[in-house]
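What follows is the content of coords39.tsv, which has TSV, C-alpha atoms:
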```tsv
chain	number	residue	atom	x	y	z
A	571	MET	CA	-75.59	41.15	-140.13
A	572	ASN	CA	-75.85	44.10	-142.47
A	573	LYS	CA	-75.96	47.61	-141.09
A	574	ARG	CA	-79.49	48.26	-142.31
A	575	PHE	CA	-80.89	45.17	-140.58
A	576	HIS	CA	-78.96	46.01	-137.42
A	577	SER	CA	-80.42	49.52	-137.46
A	578	LEU	CA	-83.94	48.10	-137.76
A	579	ILE	CA	-83.35	45.86	-134.74
A	580	VAL	CA	-82.06	48.82	-132.72
A	581	LEU	CA	-85.07	50.94	-133.70
A	582	TRP	CA	-87.43	48.11	-132.80
A	583	MET	CA	-85.76	47.70	-129.39
A	584	ILE	CA	-85.95	51.45	-128.74
A	585	GLY	CA	-89.61	51.48	-129.78
A	586	ALA	CA	-90.39	48.52	-127.52
A	587	ALA	CA	-88.60	50.17	-124.61
A	588	LEU	CA	-90.54	53.38	-125.12
A	589	LEU	CA	-93.78	51.41	-125.32
A	590	LEU	CA	-93.03	49.61	-122.08
A	591	THR	CA	-92.06	52.88	-120.42
A	592	GLY	CA	-95.35	54.39	-121.58
A	593	CYS	CA	-97.31	51.43	-120.21
A	594	GLY	CA	-95.54	51.72	-116.89
A	595	ARG	CA	-96.28	55.42	-116.69
A	596	GLU	CA	-99.95	54.84	-117.49
A	597	LEU	CA	-100.17	52.21	-114.74
A	598	GLN	CA	-98.66	54.61	-112.20
A	599	GLN	CA	-101.06	57.37	-113.23
A	600	ARG	CA	-104.02	55.01	-113.08
A	601	HIS	CA	-103.16	53.73	-109.62
A	602	ALA	CA	-102.52	57.28	-108.36
A	603	PHE	CA	-105.97	58.32	-109.59
A	604	ILE	CA	-107.65	55.20	-108.18
A	605	GLY	CA	-106.02	55.84	-104.80
A	606	PHE	CA	-107.25	59.43	-104.83
A	607	LEU	CA	-110.81	58.34	-105.63
A	608	GLN	CA	-110.81	55.67	-102.93
A	609	LYS	CA	-109.25	57.81	-100.18
A	610	GLU	CA	-110.33	61.38	-100.93
A	611	VAL	CA	-113.49	61.26	-103.04
A	612	ILE	CA	-115.67	58.23	-102.33
A	613	PRO	CA	-115.54	58.47	-98.49
A	614	ARG	CA	-116.52	62.16	-98.47
A	615	ASN	CA	-120.14	63.19	-98.00
A	616	SER	CA	-119.58	66.81	-99.01
A	617	GLY	CA	-116.88	69.30	-99.94
A	618	LEU	CA	-115.06	67.62	-102.81
A	619	ILE	CA	-111.28	68.05	-102.91
A	620	ILE	CA	-110.11	69.77	-106.10
A	621	PRO	CA	-106.86	68.11	-107.28
A	622	THR	CA	-103.80	70.38	-107.14
A	623	LYS	CA	-101.37	70.80	-110.04
A	624	THR	CA	-99.06	68.29	-108.38
A	625	MET	CA	-101.87	65.77	-108.01
A	626	ARG	CA	-103.01	66.31	-111.61
A	627	LYS	CA	-99.47	65.65	-112.79
A	628	LYS	CA	-99.52	62.32	-110.96
A	629	PHE	CA	-102.89	61.46	-112.53
A	630	GLY	CA	-101.54	62.24	-116.01
A	631	GLU	CA	-104.06	61.36	-118.70
A	632	TYR	CA	-106.70	60.67	-116.02
A	633	ALA	CA	-106.63	64.19	-114.55
A	634	PRO	CA	-109.48	65.35	-116.84
A	635	HIS	CA	-111.59	62.44	-115.55
A	636	SER	CA	-111.68	63.99	-112.08
A	637	ASP	CA	-112.86	67.24	-113.70
A	638	VAL	CA	-116.13	65.54	-114.70
A	639	ILE	CA	-117.13	65.12	-111.04
A	640	VAL	CA	-115.71	68.43	-109.83
A	641	ASP	CA	-117.23	70.43	-112.71
A	642	PHE	CA	-120.64	68.84	-112.21
A	643	ASN	CA	-120.71	69.81	-108.55
A	644	ALA	CA	-119.46	73.34	-109.28
A	645	THR	CA	-122.09	73.81	-111.98
A	646	MET	CA	-124.82	72.41	-109.75
A	647	HIS	CA	-123.89	74.96	-107.10
A	648	GLU	CA	-124.34	77.76	-109.64
A	649	ILE	CA	-127.49	76.59	-111.44
A	650	VAL	CA	-129.26	74.78	-108.59
A	651	GLY	CA	-127.77	75.64	-105.20
A	652	LYS	CA	-127.63	79.43	-105.51
A	653	PRO	CA	-131.01	79.80	-107.31
A	654	LEU	CA	-132.67	77.60	-104.67
A	655	ASP	CA	-131.21	79.69	-101.86
A	656	ARG	CA	-132.46	82.90	-103.49
A	657	LEU	CA	-135.83	81.35	-104.21
A	658	GLN	CA	-136.32	80.20	-100.63
A	659	ARG	CA	-135.26	83.59	-99.22
A	660	ASP	CA	-137.64	85.44	-101.54
A	661	PHE	CA	-140.44	83.00	-100.74
A	662	ALA	CA	-139.93	83.36	-96.99
A	663	GLU	CA	-140.02	87.14	-97.36
A	664	ALA	CA	-143.20	87.02	-99.46
A	665	MET	CA	-144.89	84.73	-96.93
A	666	LYS	CA	-144.32	87.05	-93.98
A	667	PRO	CA	-147.19	87.18	-91.44
A	668	GLU	CA	-148.66	90.41	-92.78
A	669	ALA	CA	-148.88	89.11	-96.35
A	670	GLY	CA	-152.37	88.76	-97.77
A	671	VAL	CA	-153.83	85.68	-99.43
A	672	LYS	CA	-153.31	87.05	-102.95
A	673	GLU	CA	-149.67	87.88	-102.16
A	674	ARG	CA	-149.16	84.36	-100.86
A	675	LYS	CA	-150.74	82.87	-103.98
A	676	ALA	CA	-148.49	84.97	-106.23
A	677	ALA	CA	-145.39	83.92	-104.26
A	678	THR	CA	-146.37	80.25	-104.39
A	679	THR	CA	-147.03	80.36	-108.13
A	680	LYS	CA	-143.67	82.05	-108.71
A	681	TYR	CA	-141.95	79.42	-106.56
A	682	MET	CA	-143.46	76.62	-108.67
A	683	ALA	CA	-142.36	78.24	-111.94
A	684	SER	CA	-138.82	78.86	-110.66
A	685	LEU	CA	-138.58	75.32	-109.29
A	686	ALA	CA	-139.54	73.94	-112.71
A	687	GLU	CA	-136.73	75.98	-114.32
A	688	ILE	CA	-134.22	74.71	-111.77
A	689	GLY	CA	-135.39	71.14	-112.37
A	690	GLN	CA	-134.90	71.56	-116.11
A	691	ALA	CA	-131.40	72.96	-115.58
A	692	LEU	CA	-130.61	69.94	-113.42
A	693	ASP	CA	-131.85	67.52	-116.10
A	694	THR	CA	-129.78	69.24	-118.77
A	695	GLU	CA	-126.58	69.28	-116.73
A	696	LEU	CA	-126.96	65.65	-115.66
A	697	ALA	CA	-127.48	64.56	-119.29
A	698	LEU	CA	-124.35	66.46	-120.39
A	699	THR	CA	-122.33	64.92	-117.58
A	700	GLU	CA	-123.51	61.42	-118.44
A	701	GLU	CA	-122.36	62.03	-122.03
A	702	LYS	CA	-118.91	63.06	-120.76
A	703	ILE	CA	-118.73	59.96	-118.58
A	704	ALA	CA	-119.71	57.66	-121.45
A	705	ALA	CA	-116.96	59.16	-123.61
A	706	LEU	CA	-114.18	58.44	-121.10
A	707	GLN	CA	-111.72	55.68	-121.97
A	708	GLN	CA	-110.96	53.78	-118.77
A	709	PRO	CA	-109.48	50.37	-117.95
A	710	ASN	CA	-111.96	48.17	-116.08
A	711	GLU	CA	-109.93	48.49	-112.87
A	712	LEU	CA	-110.38	52.27	-112.90
A	713	LYS	CA	-113.90	52.28	-114.29
A	714	ALA	CA	-115.24	50.27	-111.33
A	715	VAL	CA	-113.86	52.77	-108.80
A	716	PHE	CA	-114.72	55.83	-110.89
A	717	THR	CA	-118.31	54.62	-111.18
A	718	GLN	CA	-118.56	54.47	-107.37
A	719	ALA	CA	-117.40	58.08	-107.16
A	720	VAL	CA	-119.83	59.18	-109.88
A	721	ASP	CA	-122.73	57.31	-108.28
A	722	LYS	CA	-122.14	59.04	-104.96
A	723	HIS	CA	-121.23	62.56	-106.05
A	724	VAL	CA	-123.17	62.93	-109.30
A	725	ARG	CA	-126.04	60.48	-109.74
A	726	LEU	CA	-127.26	60.08	-106.15
A	727	PRO	CA	-127.61	63.81	-105.34
A	728	ALA	CA	-128.96	64.62	-108.81
A	729	HIS	CA	-131.61	61.90	-108.79
A	730	THR	CA	-132.54	62.72	-105.19
A	731	LEU	CA	-133.15	66.36	-106.13
A	732	LYS	CA	-135.07	65.27	-109.23
A	733	SER	CA	-137.31	63.05	-107.12
A	734	MET	CA	-138.00	65.85	-104.65
A	735	VAL	CA	-139.20	68.33	-107.29
A	736	PRO	CA	-142.55	66.58	-107.99
A	737	ALA	CA	-143.22	66.15	-104.26
A	738	THR	CA	-142.45	69.81	-103.62
A	739	ASN	CA	-144.71	70.82	-106.50
A	740	GLU	CA	-147.48	68.68	-105.03
A	741	MET	CA	-147.10	70.42	-101.68
A	742	LEU	CA	-147.19	73.85	-103.35
A	743	LYS	CA	-150.35	72.89	-105.27
A	744	LYS	CA	-151.96	71.91	-101.98
A	745	ASN	CA	-150.94	75.27	-100.55
A	746	LEU	CA	-152.61	77.01	-103.51
A	747	ALA	CA	-155.74	74.95	-102.95
A	748	LEU	CA	-155.72	75.99	-99.31
A	749	LEU	CA	-155.37	79.65	-100.25
A	750	ASP	CA	-158.20	79.32	-102.76
A	751	PHE	CA	-160.32	77.75	-100.03
A	752	VAL	CA	-159.56	80.70	-97.76
A	753	LEU	CA	-160.57	83.15	-100.51
A	754	ALA	CA	-163.77	81.23	-101.22
A	755	ASN	CA	-164.67	81.36	-97.51
A	756	LYS	CA	-163.35	84.78	-96.60
A	757	GLY	CA	-166.55	85.53	-94.75
A	758	LYS	CA	-165.83	82.64	-92.39
A	759	ILE	CA	-162.03	82.80	-92.33
A	760	LEU	CA	-159.91	85.69	-91.08
A	761	ILE	CA	-156.12	85.87	-91.31
A	762	LYS	CA	-154.54	88.20	-88.80
A	763	ASP	CA	-150.78	88.44	-88.16
A	764	GLY	CA	-150.29	85.12	-89.91
A	765	MET	CA	-152.88	83.38	-87.74
A	766	ILE	CA	-156.06	81.88	-89.18
A	767	GLN	CA	-159.31	82.43	-87.34
A	768	VAL	CA	-162.40	80.45	-88.37
A	769	THR	CA	-165.96	81.12	-87.23
A	770	ASP	CA	-167.61	78.03	-88.75
A	771	GLN	CA	-166.96	74.49	-87.42
A	772	SER	CA	-167.37	72.68	-90.74
A	773	THR	CA	-165.03	75.18	-92.43
A	774	LEU	CA	-162.53	74.70	-89.61
A	775	SER	CA	-162.66	70.91	-90.01
A	776	ARG	CA	-161.98	71.17	-93.75
A	777	LEU	CA	-159.19	73.68	-93.17
A	778	ASN	CA	-157.56	71.43	-90.58
A	779	GLN	CA	-157.76	68.50	-92.98
A	780	MET	CA	-156.06	70.47	-95.76
A	781	GLN	CA	-153.33	71.68	-93.40
A	782	ALA	CA	-152.72	68.15	-92.15
A	783	ASP	CA	-152.41	66.94	-95.73
A	784	ILE	CA	-149.83	69.64	-96.48
A	785	ALA	CA	-147.89	68.73	-93.33
A	786	LYS	CA	-147.91	65.06	-94.37
A	787	THR	CA	-146.47	65.94	-97.77
A	788	ALA	CA	-143.80	68.10	-96.14
A	789	GLN	CA	-142.85	65.19	-93.86
A	790	ALA	CA	-142.53	62.92	-96.90
A	791	ILE	CA	-140.16	65.41	-98.54
A	792	GLN	CA	-138.09	65.59	-95.37
A	793	ALA	CA	-137.99	61.79	-95.24
A	794	GLN	CA	-136.63	61.73	-98.81
A	795	HIS	CA	-133.91	64.16	-97.80
A	796	ASN	CA	-133.01	62.13	-94.70
A	797	ALA	CA	-132.86	58.94	-96.77
A	798	PHE	CA	-130.44	60.65	-99.16
A	799	ILE	CA	-128.16	61.69	-96.29
A	800	GLN	CA	-128.15	58.15	-94.90
A	801	GLN	CA	-127.55	56.54	-98.28
A	802	ALA	CA	-124.70	58.93	-99.08
A	803	SER	CA	-123.00	58.26	-95.73
A	804	ARG	CA	-123.13	54.48	-96.35
A	805	LYS	CA	-121.53	54.60	-99.80
```
Output the file's structure as structure tokens, nothing else.
Amino acid sequence: MNKRFHSLIVLWMIGAALLLTGCGRELQQRHAFIGFLQKEVIPRNSGLIIPTKTMRKKFGEYAPHSDVIVDFNATMHEIVGKPLDRLQRDFAEAMKPEAGVKERKAATTKYMASLAEIGQALDTELALTEEKIAALQQPNELKAVFTQAVDKHVRLPAHTLKSMVPATNEMLKKNLALLDFVLANKGKILIKDGMIQVTDQSTLSRLNQMQADIAKTAQAIQAQHNAFIQQASRK
């Protein structure tokens, strides 16, 4: 066997060994990441664990895949969670008992506009995240588990929030209609310290009907939220 041919065989064997070593490393990284998803991500209902440097090293090439879920939740906290908290605090302050009808209308209109902006931010972030997910290269074994994690910690909460925006808007519109009704019948309706006093029976009946309708819508929104909590705990 000439030296050149022998050298080619040696190079081929080294290359094959390196390839096998690389495959083995990828398999270890894949299984480490799958185990993390199954034990630490999918069972959790809140408070995602952020992988440490040591964990990311074990995940190897799949470490950035976990970032998709973690980054989505972190971004949602900034563009949805915090703005919603501020919005609800401001709204509660504006709707204090001594607030007049016009003040309440202004606060409700502002709430609707802000909610629409938050909903748009949610849509944009979800679309970007779905693009990132679609671009990931994953073996089928990993993809099946990763999809479960994404469904629970990305799609389910995002779509639940999206579905609650129209219902909340509907409730706010009914509140505006109620306030308009109060303004149109201010001679028959008096608001004092947050309490409504009505002097006319027919006006009172209509007012009670509108308030009951608002309460029914609020209950439907709460039911949506409860269903989300139950669904998330089952996944």
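Using only C-alpha atoms, the residues found no farther than 8 Å from region 643-650 of chain A, other than those of its own chain fewer than 5 positions away, are Ile688, Ala691, Leu692, Glu695, His723 and Val724 of chain A.
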Can you tell me, as AutoDock Vina command-line options, the centre and edge lengths (Å, one decimal) of the axis-aligned box enclosing all of region 649-658 of chain A's listed atoms after padding each side by 3 Å?
```
--center_x -131.9 --center_y 78.8 --center_z -106.0 --size_x 14.8 --size_y 14.1 --size_z 16.8
```
>> What's the separation between CA of Pro736 (chain A) and CA of Tyr681 (chain A), in Å to one decimal place?
In response: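 So the answer is 12.9 Å.
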> If you count only C-alpha atoms, which residues fall within 12 Å of Asn778 (chain A), apart from same-chain ones fewer than 2 positions away, as a ChimeraX atom specification?
Replying inline: /A:748,751-752,766-768,771-776,780-785
> Got a sec: who's within 8 Å of region 620-634 of chain A, counting all atoms listed in the file, leaving out chain neighbours fewer than 5 positions off, as number ranges by chain?
Replying inline: A: 596, 598-600, 602-603, 640
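The shortest atom-to-atom distance to Ser636 (chain A), with all atoms listed in the file taken into account, belongs to A:Lys702 out of A:Arg659, A:Lys702, A:Lys744, A:His795.
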>> Between CA of Gly670 (chain A) and CA of Ile761 (chain A), what is the distance in Å, rounded to a tenth?
In response: 8.0 Å
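Remark: residues at most 10 Å from position (-143.3, 71.1, -105.4) in file coordinates are Thr678, Tyr681, Met682, Ala683, Leu685, Ala686, Met734, Val735, Pro736, Ala737, Thr738, Asn739, Glu740, Met741, Leu742, Lys743, Lys744, Asn745, Thr787, Ala788 and Ile791 of chain A, using all atoms listed in the file.
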>> Report, in Å with one decimal, the straight-line distance from CA of Phe716 (chain A) to CA of Ala728 (chain A).
In response: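 Interatomic distance, CA of Phe716 (chain A) to CA of Ala728 (chain A): 16.9 Å.
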> With only C-alpha atoms as the basis for distance, which of A:Leu706, A:Ile639, A:Leu726, A:Ala677 is at the shortest distance from Asp660 (chain A)?
Replying inline: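 Among the listed residues, A:Ala677 lies closest to Asp660 (chain A).
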> Which of these, A:Ala754, A:Leu777, A:Ala797, A:Leu597, has the shortest distance to Gln708 (chain A) once you count all atoms listed in the file?
Replying inline: A:Leu597
>> Restricting the calculation to all atoms listed in the file: of A:Lys680, A:Arg595, A:Lys722, A:Lys666, which residue gets closest to Leu618 (chain A)?
In response: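 With all atoms listed in the file as the atom set, the closest residue is A:Lys722.
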Missing atoms of region 638-659 of chain A rebuilt to N, CA and C atoms, written as a short mmCIF file (atom, residue, chain, number, x, y, z; two decimals), in the coordinates of the input:
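Contents of selection_20.cif, freshly written:
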```
data_model
loop_
_atom_site.label_atom_id
_atom_site.label_comp_id
_atom_site.auth_asym_id
_atom_site.auth_seq_id
_atom_site.Cartn_x
_atom_site.Cartn_y
_atom_site.Cartn_z
N VAL A 638 -114.71 65.83 -114.42
CA VAL A 638 -116.13 65.54 -114.70
C VAL A 638 -116.95 65.65 -113.41
N ILE A 639 -116.42 65.08 -112.33
CA ILE A 639 -117.13 65.12 -111.04
C ILE A 639 -117.07 66.51 -110.43
N VAL A 640 -115.89 67.10 -110.43
CA VAL A 640 -115.71 68.43 -109.83
C VAL A 640 -116.54 69.48 -110.57
N ASP A 641 -116.49 69.45 -111.91
CA ASP A 641 -117.23 70.43 -112.71
C ASP A 641 -118.73 70.29 -112.52
N PHE A 642 -119.21 69.05 -112.41
CA PHE A 642 -120.64 68.84 -112.21
C PHE A 642 -121.09 69.49 -110.91
N ASN A 643 -120.34 69.25 -109.84
CA ASN A 643 -120.71 69.81 -108.55
C ASN A 643 -120.61 71.33 -108.54
N ALA A 644 -119.61 71.88 -109.21
CA ALA A 644 -119.46 73.34 -109.28
C ALA A 644 -120.62 73.95 -110.06
N THR A 645 -120.98 73.31 -111.17
CA THR A 645 -122.09 73.81 -111.98
C THR A 645 -123.41 73.71 -111.24
N MET A 646 -123.60 72.60 -110.51
CA MET A 646 -124.82 72.41 -109.75
C MET A 646 -124.97 73.49 -108.67
N HIS A 647 -123.84 73.90 -108.11
CA HIS A 647 -123.89 74.96 -107.10
C HIS A 647 -124.40 76.27 -107.72
N GLU A 648 -123.97 76.52 -108.97
CA GLU A 648 -124.34 77.76 -109.64
C GLU A 648 -125.77 77.74 -110.18
N ILE A 649 -126.18 76.61 -110.77
CA ILE A 649 -127.49 76.59 -111.44
C ILE A 649 -128.61 76.00 -110.59
N VAL A 650 -128.25 75.35 -109.48
CA VAL A 650 -129.26 74.78 -108.59
C VAL A 650 -129.14 75.35 -107.17
N GLY A 651 -127.96 75.22 -106.58
CA GLY A 651 -127.77 75.64 -105.20
C GLY A 651 -128.08 77.11 -104.96
N LYS A 652 -127.42 77.99 -105.69
CA LYS A 652 -127.63 79.43 -105.51
C LYS A 652 -129.05 79.86 -105.85
N PRO A 653 -129.61 79.42 -107.01
CA PRO A 653 -131.01 79.80 -107.31
C PRO A 653 -132.00 79.32 -106.26
N LEU A 654 -131.77 78.11 -105.72
CA LEU A 654 -132.67 77.60 -104.67
C LEU A 654 -132.59 78.45 -103.40
N ASP A 655 -131.38 78.84 -103.04
CA ASP A 655 -131.21 79.69 -101.86
C ASP A 655 -131.96 81.02 -102.03
N ARG A 656 -131.78 81.63 -103.22
CA ARG A 656 -132.46 82.90 -103.49
C ARG A 656 -133.97 82.71 -103.50
N LEU A 657 -134.41 81.63 -104.11
CA LEU A 657 -135.83 81.35 -104.21
C LEU A 657 -136.45 81.18 -102.83
N GLN A 658 -135.78 80.45 -101.97
CA GLN A 658 -136.32 80.20 -100.63
C GLN A 658 -136.33 81.47 -99.78
N ARG A 659 -135.29 82.31 -99.95
CA ARG A 659 -135.26 83.59 -99.22
C ARG A 659 -136.40 84.50 -99.68
#
```
